[in-house]
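Content type CSV, C-alpha atoms and all ligand atoms, from the file run12.csv:
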```csv
chain,number,residue,atom,x,y,z
M,1,MET,CA,4.7,11.5,24.9
M,2,ALA,CA,5.2,11.4,21.1
M,3,GLU,CA,2.5,12.8,19.0
M,4,ARG,CA,0.3,10.2,17.3
M,5,VAL,CA,1.0,9.6,13.6
M,6,LYS,CA,-1.3,11.6,11.3
M,7,LEU,CA,-2.2,10.4,7.8
M,8,HIS,CA,-3.4,12.9,5.2
M,9,TYR,CA,-5.1,11.3,2.3
M,10,PHE,CA,-8.5,10.4,0.9
M,11,ASN,CA,-10.9,8.1,2.6
M,12,GLY,CA,-9.8,5.3,0.3
M,13,ARG,CA,-6.9,3.0,-0.4
M,14,GLY,CA,-4.8,4.5,-3.1
M,15,LYS,CA,-1.1,5.0,-2.2
M,16,MET,CA,-1.8,5.4,1.5
M,17,GLU,CA,-3.1,1.9,2.0
M,18,SER,CA,0.3,0.2,2.1
M,19,ILE,CA,1.3,2.8,4.7
M,20,ARG,CA,-1.8,1.9,6.8
M,21,TRP,CA,-0.8,-1.8,6.5
M,22,LEU,CA,2.7,-1.2,7.6
M,23,LEU,CA,1.8,1.0,10.6
M,24,THR,CA,-0.7,-1.7,11.6
M,25,ALA,CA,2.0,-4.4,11.4
M,26,ALA,CA,4.3,-2.2,13.4
M,27,GLU,CA,1.4,-1.8,15.9
M,28,VAL,CA,1.6,2.0,15.6
M,29,GLU,CA,-1.7,3.9,16.2
M,30,PHE,CA,-2.6,6.6,13.7
M,31,ASP,CA,-5.2,9.2,13.1
M,32,GLU,CA,-6.5,10.0,9.6
M,33,PHE,CA,-7.4,13.3,8.1
M,34,TYR,CA,-9.4,12.9,4.9
M,35,LEU,CA,-9.2,15.2,1.9
M,36,THR,CA,-12.7,15.7,0.8
M,37,ASN,CA,-12.6,18.9,-1.2
M,38,ARG,CA,-10.2,21.1,-3.2
M,39,GLU,CA,-10.1,23.8,-0.5
M,40,GLN,CA,-8.4,21.5,1.9
M,41,TYR,CA,-5.8,20.6,-0.7
M,42,LEU,CA,-5.2,24.2,-1.6
M,43,LYS,CA,-4.7,25.0,2.1
M,44,MET,CA,-2.1,22.2,2.5
M,45,LEU,CA,-0.3,23.7,-0.5
M,46,ASP,CA,-0.6,27.1,0.9
M,47,ASP,CA,0.8,26.0,4.3
M,48,GLY,CA,3.8,24.4,2.4
M,49,ASP,CA,2.9,20.9,3.7
M,50,LEU,CA,3.2,19.1,0.4
M,51,MET,CA,6.8,19.3,-1.0
M,52,PHE,CA,5.8,18.1,-4.5
M,53,GLN,CA,2.1,19.1,-4.2
M,54,GLN,CA,1.1,15.5,-3.8
M,55,VAL,CA,-0.3,13.3,-1.1
M,56,PRO,CA,0.1,10.9,0.7
M,57,MET,CA,1.5,13.0,3.5
M,58,VAL,CA,2.3,11.6,6.9
M,59,GLU,CA,3.1,13.5,10.1
M,60,ILE,CA,5.5,11.5,12.2
M,61,ASP,CA,8.2,12.4,14.7
M,62,GLY,CA,7.8,16.1,14.1
M,63,MET,CA,8.1,15.8,10.3
M,64,LYS,CA,5.7,16.1,7.4
M,65,LEU,CA,6.8,13.3,5.1
M,66,ILE,CA,5.7,12.8,1.5
M,67,GLN,CA,6.6,10.2,-1.2
M,68,THR,CA,5.1,6.8,-0.4
M,69,LYS,CA,8.3,4.8,-0.7
M,70,ALA,CA,10.2,7.2,1.5
M,71,ILE,CA,7.5,7.0,4.1
M,72,LEU,CA,7.4,3.2,4.0
M,73,ASN,CA,11.1,3.0,4.3
M,74,TYR,CA,11.1,5.4,7.3
M,75,ILE,CA,8.5,3.3,9.1
M,76,ALA,CA,10.2,0.0,8.2
M,77,GLU,CA,13.5,1.3,9.5
M,78,LYS,CA,12.1,2.7,12.7
M,79,TYR,CA,10.1,-0.4,13.6
M,80,ASN,CA,12.7,-3.0,12.6
M,81,LEU,CA,10.8,-4.2,9.5
M,82,HIS,CA,13.6,-3.5,7.0
M,83,GLY,CA,16.0,-6.5,7.6
M,84,LYS,CA,19.2,-6.8,9.6
M,85,ASP,CA,21.7,-5.4,7.2
M,86,ILE,CA,22.0,-3.7,3.8
M,87,LYS,CA,21.9,-7.0,1.9
M,88,ASP,CA,18.6,-7.9,3.5
M,89,ARG,CA,17.4,-4.4,2.9
M,90,VAL,CA,18.1,-4.4,-0.8
M,91,LYS,CA,16.3,-7.8,-1.2
M,92,ILE,CA,13.3,-6.4,0.8
M,93,ASN,CA,13.3,-3.4,-1.5
M,94,MET,CA,13.4,-5.5,-4.6
M,95,TYR,CA,10.3,-7.5,-3.4
M,96,THR,CA,8.6,-4.3,-2.2
M,97,GLU,CA,9.1,-2.4,-5.5
M,98,GLY,CA,7.8,-5.4,-7.5
M,99,LEU,CA,4.7,-5.6,-5.3
M,100,MET,CA,4.1,-1.8,-5.6
M,101,ASP,CA,4.4,-2.0,-9.4
M,102,LEU,CA,1.7,-4.7,-9.4
M,103,MET,CA,-0.6,-3.0,-6.9
M,104,GLU,CA,-0.3,0.3,-8.8
M,105,MET,CA,-1.6,-1.4,-11.9
M,106,ILE,CA,-4.8,-2.3,-10.0
M,107,MET,CA,-4.9,1.0,-8.2
M,108,ILE,CA,-5.1,3.1,-11.3
M,109,LEU,CA,-7.8,0.9,-12.9
M,110,PRO,CA,-10.8,3.0,-11.7
M,111,PHE,CA,-9.2,6.0,-13.4
M,112,SER,CA,-8.5,4.1,-16.7
M,113,GLN,CA,-10.3,3.2,-19.9
M,114,ASN,CA,-10.5,-0.3,-21.4
M,115,THR,CA,-10.5,-1.8,-17.9
M,116,LYS,CA,-11.5,-5.3,-19.1
M,117,THR,CA,-8.5,-5.7,-21.3
M,118,LYS,CA,-6.3,-4.2,-18.6
M,119,LEU,CA,-7.6,-6.5,-16.0
M,120,GLY,CA,-6.8,-9.5,-18.2
M,121,ASN,CA,-3.2,-8.2,-18.7
M,122,ILE,CA,-2.8,-7.7,-14.9
M,123,GLU,CA,-4.0,-11.2,-14.2
M,124,THR,CA,-1.6,-12.7,-16.7
M,125,LYS,CA,1.3,-10.7,-15.2
M,126,ALA,CA,0.3,-11.6,-11.7
M,127,LYS,CA,0.3,-15.3,-12.6
M,128,GLU,CA,3.3,-15.4,-14.8
M,129,ARG,CA,5.6,-12.7,-13.5
M,130,TYR,CA,5.0,-11.9,-9.9
M,131,LEU,CA,3.3,-14.8,-8.0
M,132,PRO,CA,5.9,-17.4,-9.2
M,133,VAL,CA,8.6,-15.3,-7.6
M,134,PHE,CA,6.9,-15.4,-4.2
M,135,GLU,CA,5.8,-19.0,-4.5
M,136,LYS,CA,9.4,-20.1,-5.1
M,137,GLN,CA,10.8,-18.0,-2.2
M,138,LEU,CA,8.1,-19.2,0.2
M,139,LEU,CA,8.7,-22.8,-0.5
M,140,ASP,CA,11.3,-23.0,2.2
M,141,HIS,CA,11.0,-19.7,4.0
M,142,ILE,CA,8.4,-18.5,6.5
M,143,TYR,CA,9.1,-14.9,5.7
M,144,LEU,CA,10.5,-13.5,2.4
M,145,VAL,CA,13.8,-12.2,3.7
M,146,GLY,CA,16.1,-12.9,6.7
M,147,GLY,CA,13.8,-15.2,8.6
M,148,ARG,CA,11.8,-12.4,10.1
M,149,LEU,CA,8.8,-10.1,9.3
M,150,SER,CA,9.6,-7.2,7.0
M,151,VAL,CA,7.8,-4.6,5.0
M,152,ALA,CA,8.0,-7.0,2.0
M,153,ASP,CA,5.8,-9.5,3.8
M,154,VAL,CA,3.3,-6.9,4.8
M,155,LEU,CA,3.0,-5.6,1.2
M,156,LEU,CA,2.8,-9.2,-0.1
M,157,MET,CA,-0.1,-9.8,2.3
M,158,GLU,CA,-1.8,-6.6,1.1
M,159,CYS,CA,-1.2,-7.5,-2.6
M,160,THR,CA,-2.5,-11.1,-2.3
M,161,LEU,CA,-5.8,-9.9,-0.9
M,162,MET,CA,-6.1,-7.3,-3.6
M,163,LEU,CA,-5.4,-9.9,-6.3
M,164,GLU,CA,-8.0,-12.3,-4.8
M,165,GLU,CA,-10.6,-9.5,-4.8
M,166,LYS,CA,-10.1,-9.0,-8.5
M,167,PHE,CA,-9.3,-12.6,-9.6
M,168,VAL,CA,-11.1,-15.1,-7.3
M,169,GLY,CA,-9.1,-18.2,-6.8
M,170,ILE,CA,-5.9,-16.8,-8.3
M,171,LEU,CA,-3.8,-18.3,-5.5
M,172,ALA,CA,-5.0,-21.9,-6.3
M,173,ASP,CA,-1.8,-22.5,-8.2
M,174,PHE,CA,0.3,-20.8,-5.6
M,175,PRO,CA,-0.1,-22.9,-2.4
M,176,ASN,CA,3.0,-21.5,-0.7
M,177,VAL,CA,1.7,-18.0,-1.1
M,178,LYS,CA,-1.7,-19.1,0.1
M,179,ALA,CA,-0.2,-20.7,3.2
M,180,PHE,CA,1.8,-17.5,3.8
M,181,GLN,CA,-1.4,-15.5,3.6
M,182,GLY,CA,-2.9,-17.8,6.2
M,183,ARG,CA,0.1,-17.4,8.5
M,184,MET,CA,0.1,-13.6,8.1
M,185,SER,CA,-3.6,-13.4,8.9
M,186,LYS,CA,-2.9,-14.9,12.3
M,187,ASN,CA,-0.6,-12.1,13.3
M,188,PRO,CA,-2.7,-10.4,16.0
M,189,ALA,CA,-2.4,-6.8,14.6
M,190,ILE,CA,-3.1,-7.9,11.0
M,191,SER,CA,-6.0,-10.1,12.2
M,192,ARG,CA,-7.6,-7.1,13.8
M,193,PHE,CA,-6.9,-5.0,10.7
M,194,LEU,CA,-8.8,-7.6,8.6
M,195,GLN,CA,-11.9,-7.3,10.8
M,196,PRO,CA,-14.8,-5.1,9.7
M,197,GLY,CA,-14.6,-1.6,11.3
M,198,SER,CA,-10.8,-1.4,11.1
M,199,LYS,CA,-8.9,1.4,9.3
M,200,ARG,CA,-8.5,-0.8,6.3
M,201,LYS,CA,-10.2,0.7,3.3
M,202,PRO,CA,-12.6,-0.9,0.9
M,203,GLN,CA,-12.2,-1.2,-2.8
M,204,PRO,CA,-12.6,2.2,-4.5
M,205,ASP,CA,-16.1,3.3,-5.3
M,206,ASP,CA,-17.6,6.1,-7.3
M,207,VAL,CA,-17.6,8.5,-4.4
M,208,TYR,CA,-13.8,8.0,-3.9
M,209,ILE,CA,-13.1,8.5,-7.6
M,210,LYS,CA,-15.3,11.6,-7.7
M,211,THR,CA,-13.5,13.0,-4.6
M,212,VAL,CA,-10.0,12.4,-6.0
M,213,LYS,CA,-11.0,14.1,-9.3
M,214,GLY,CA,-12.6,17.0,-7.4
M,215,VAL,CA,-9.7,17.6,-5.1
M,216,PHE,CA,-7.2,17.7,-8.0
M,217,ASP,CA,-9.6,19.4,-10.4
M,218,LEU,CA,-9.1,16.6,-12.9
M,219,ASN,CA,-11.1,15.3,-15.7
M,220,ILE,CA,-8.5,13.0,-17.0
M,221,SER,CA,-8.1,9.3,-17.0
M,222,PHE,CA,-5.1,7.2,-17.7
M,223,PRO,CA,-4.9,5.9,-21.3
M,301,LIG,O1,4.5,7.7,-4.4
M,301,LIG,C1,4.2,8.9,-4.1
M,301,LIG,O2,3.9,9.3,-3.1
M,301,LIG,C2,4.5,9.9,-5.3
M,301,LIG,N1,5.5,9.4,-6.1
M,301,LIG,C3,3.2,10.1,-6.1
M,301,LIG,C4,2.1,10.5,-5.3
M,301,LIG,C5,0.9,10.9,-6.1
M,301,LIG,O3,0.8,10.6,-7.3
M,301,LIG,N2,-0.1,11.4,-5.5
M,301,LIG,C6,-1.3,11.8,-6.2
M,301,LIG,C7,-2.5,11.3,-5.4
M,301,LIG,S1,-2.5,9.7,-5.0
M,301,LIG,N3,-2.6,8.9,-6.4
M,301,LIG,O4,-2.2,8.6,-7.3
M,301,LIG,C8,-1.4,13.3,-6.2
M,301,LIG,O5,-1.2,13.9,-5.1
M,301,LIG,N4,-1.6,13.9,-7.3
M,301,LIG,C9,-1.7,15.3,-7.5
M,301,LIG,C10,-0.7,15.9,-8.4
M,301,LIG,O6,-0.9,17.1,-8.8
M,301,LIG,O7,0.2,15.2,-8.9
```
Let me see the structure of the file written as C-alpha cells.
Amino acid sequence: MAERVKLHYFNGRGKMESIRWLLTAAEVEFDEFYLTNREQYLKMLDDGDLMFQQVPMVEIDGMKLIQTKAILNYIAEKYNLHGKDIKDRVKINMYTEGLMDLMEMIMILPFSQNTKTKLGNIETKAKERYLPVFEKQLLDHIYLVGGRLSVADVLLMECTLMLEEKFVGILADFPNVKAFQGRMSKNPAISRFLQPGSKRKPQPDDVYIKTVKGVFDLNISFP
C-alpha cells in the first residue's frame, strides 16, 4: 500500500493551505507534521529535506517535494484536476496563478505594516481586477475550465472564503461567483473540509506568527 501523504509545515494556513484544499478535493488522506521550533527546521535542513531551505514540503510517492506550485501541479496531474489537454492546462494555470497572487497578498498581511491601507488596496483589487474575471467566466460555466473540476476551481473556492472573511459581503456584486461557491460547498469532500474539526486551518493568530518568526529566526516584516 502506498505511504500516506505527509505535509511538513506550520500549524497554520500559509502556503500549505491550498495544498490541503487540493488534497481534500482529490480525496487524498494526509498526515501533518507541524514545525513548532527552530530545531526541527534545522534538522530538516541537516537531513537535506528542503532543497531551497523552505517549506512547504510534501512527502508523496517516495519523493520529498518543495515549491508550492510544483506540489500543486503534481497533485493536480495525478488526480486528474489539471484539465484534459495542454490548452486546458494553461488556462487552469492562468486562473490558479492569479488566485495565488491575490491570496498571497492576504497571506502576508499579518507580517506587514500599514495593514489598514493594504487591506483597502486588496479589497479594491479583488473587486476590480480578480472577481470580475471569475464572474464573467462562471456566467455560463459550471467549472472554470473544460466543464470539469480542476485545481483552479478548488483555489477559487479557497480564495472566495478568504475574501469573505476579510471583506464581509464582498461577493454581493458577484452572484455567479457566489453561486459557484454554493455548488462547491456541496462537493462531499469539500463539505466535510468546511466542518469544524477538519484539517482546514483558521486565520493566522499571534501564536502562528510567533512560531513562524521563531522557526526562521526572523524579526522582519514586509514593508
Ligand atoms: O512557493 C513556495 O513554496 C516557495 N516559492 C516559497 C516558500 C516560502 O517562502 N516558504 C517560507 C515559509 S512559508 N511562507 O511564506 C520559508 O520557508 N521561508 C524560509 C526562508 O528562509 O526563505
Go through chain M residue by residue and, counting only C-alpha atoms and all ligand atoms, keep those with an atom at most 10 Å from ligand LIG 301 (chain M); for each kept residue give the shortest atom pair and its distance in Å to one decimal, ordered by chain and increasing number, as a tab-separated table.
```
residue	atom	partner	partner_atom	distance
M:Tyr9	CA	M:LIG301	S1	7.9
M:Phe10	CA	M:LIG301	S1	8.4
M:Arg13	CA	M:LIG301	S1	9.2
M:Gly14	CA	M:LIG301	N3	5.9
M:Lys15	CA	M:LIG301	S1	5.6
M:Met16	CA	M:LIG301	S1	7.8
M:Tyr41	CA	M:LIG301	O5	9.2
M:Leu50	CA	M:LIG301	O5	8.8
M:Phe52	CA	M:LIG301	O7	7.7
M:Gln53	CA	M:LIG301	O6	5.8
M:Gln54	CA	M:LIG301	O5	3.1
M:Val55	CA	M:LIG301	O5	4.1
M:Pro56	CA	M:LIG301	O2	5.6
M:Met57	CA	M:LIG301	O2	7.9
M:Leu65	CA	M:LIG301	O2	9.6
M:Ile66	CA	M:LIG301	O2	6.1
M:Gln67	CA	M:LIG301	O2	3.4
M:Thr68	CA	M:LIG301	O2	3.9
M:Lys69	CA	M:LIG301	O1	6.0
M:Ala70	CA	M:LIG301	O2	8.1
M:Ile71	CA	M:LIG301	O2	8.4
M:Leu72	CA	M:LIG301	O1	10.0
M:Met100	CA	M:LIG301	O1	9.6
M:Glu104	CA	M:LIG301	O4	8.6
M:Met107	CA	M:LIG301	O4	8.1
M:Ile108	CA	M:LIG301	O4	7.4
M:Phe111	CA	M:LIG301	O4	9.6
M:Val212	CA	M:LIG301	C7	7.6
M:Lys213	CA	M:LIG301	C9	9.5
M:Val215	CA	M:LIG301	C9	8.7
M:Phe216	CA	M:LIG301	C9	6.0
M:Asp217	CA	M:LIG301	O6	9.1
M:Leu218	CA	M:LIG301	O6	9.2
```
Distance in Å - atom CA of Arg38 of chain M versus atom CA of Pro204 of chain M: 19.1 Å
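Distances to Met157 of chain M were evaluated for M:Ile106, M:Leu99, M:Leu119, M:Val133 using all atoms listed in the file, and the minimum falls at M:Leu99.
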Length of the atom CA of Ser185 of chain M to atom CA of Met162 of chain M vector [Å]: 14.1 Å
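Considering the residues M:Gly12, M:Gly197, M:Ile170, M:His82 and counting only C-alpha atoms, Glu128 of chain M has its shortest atom-to-atom contact with M:Ile170.
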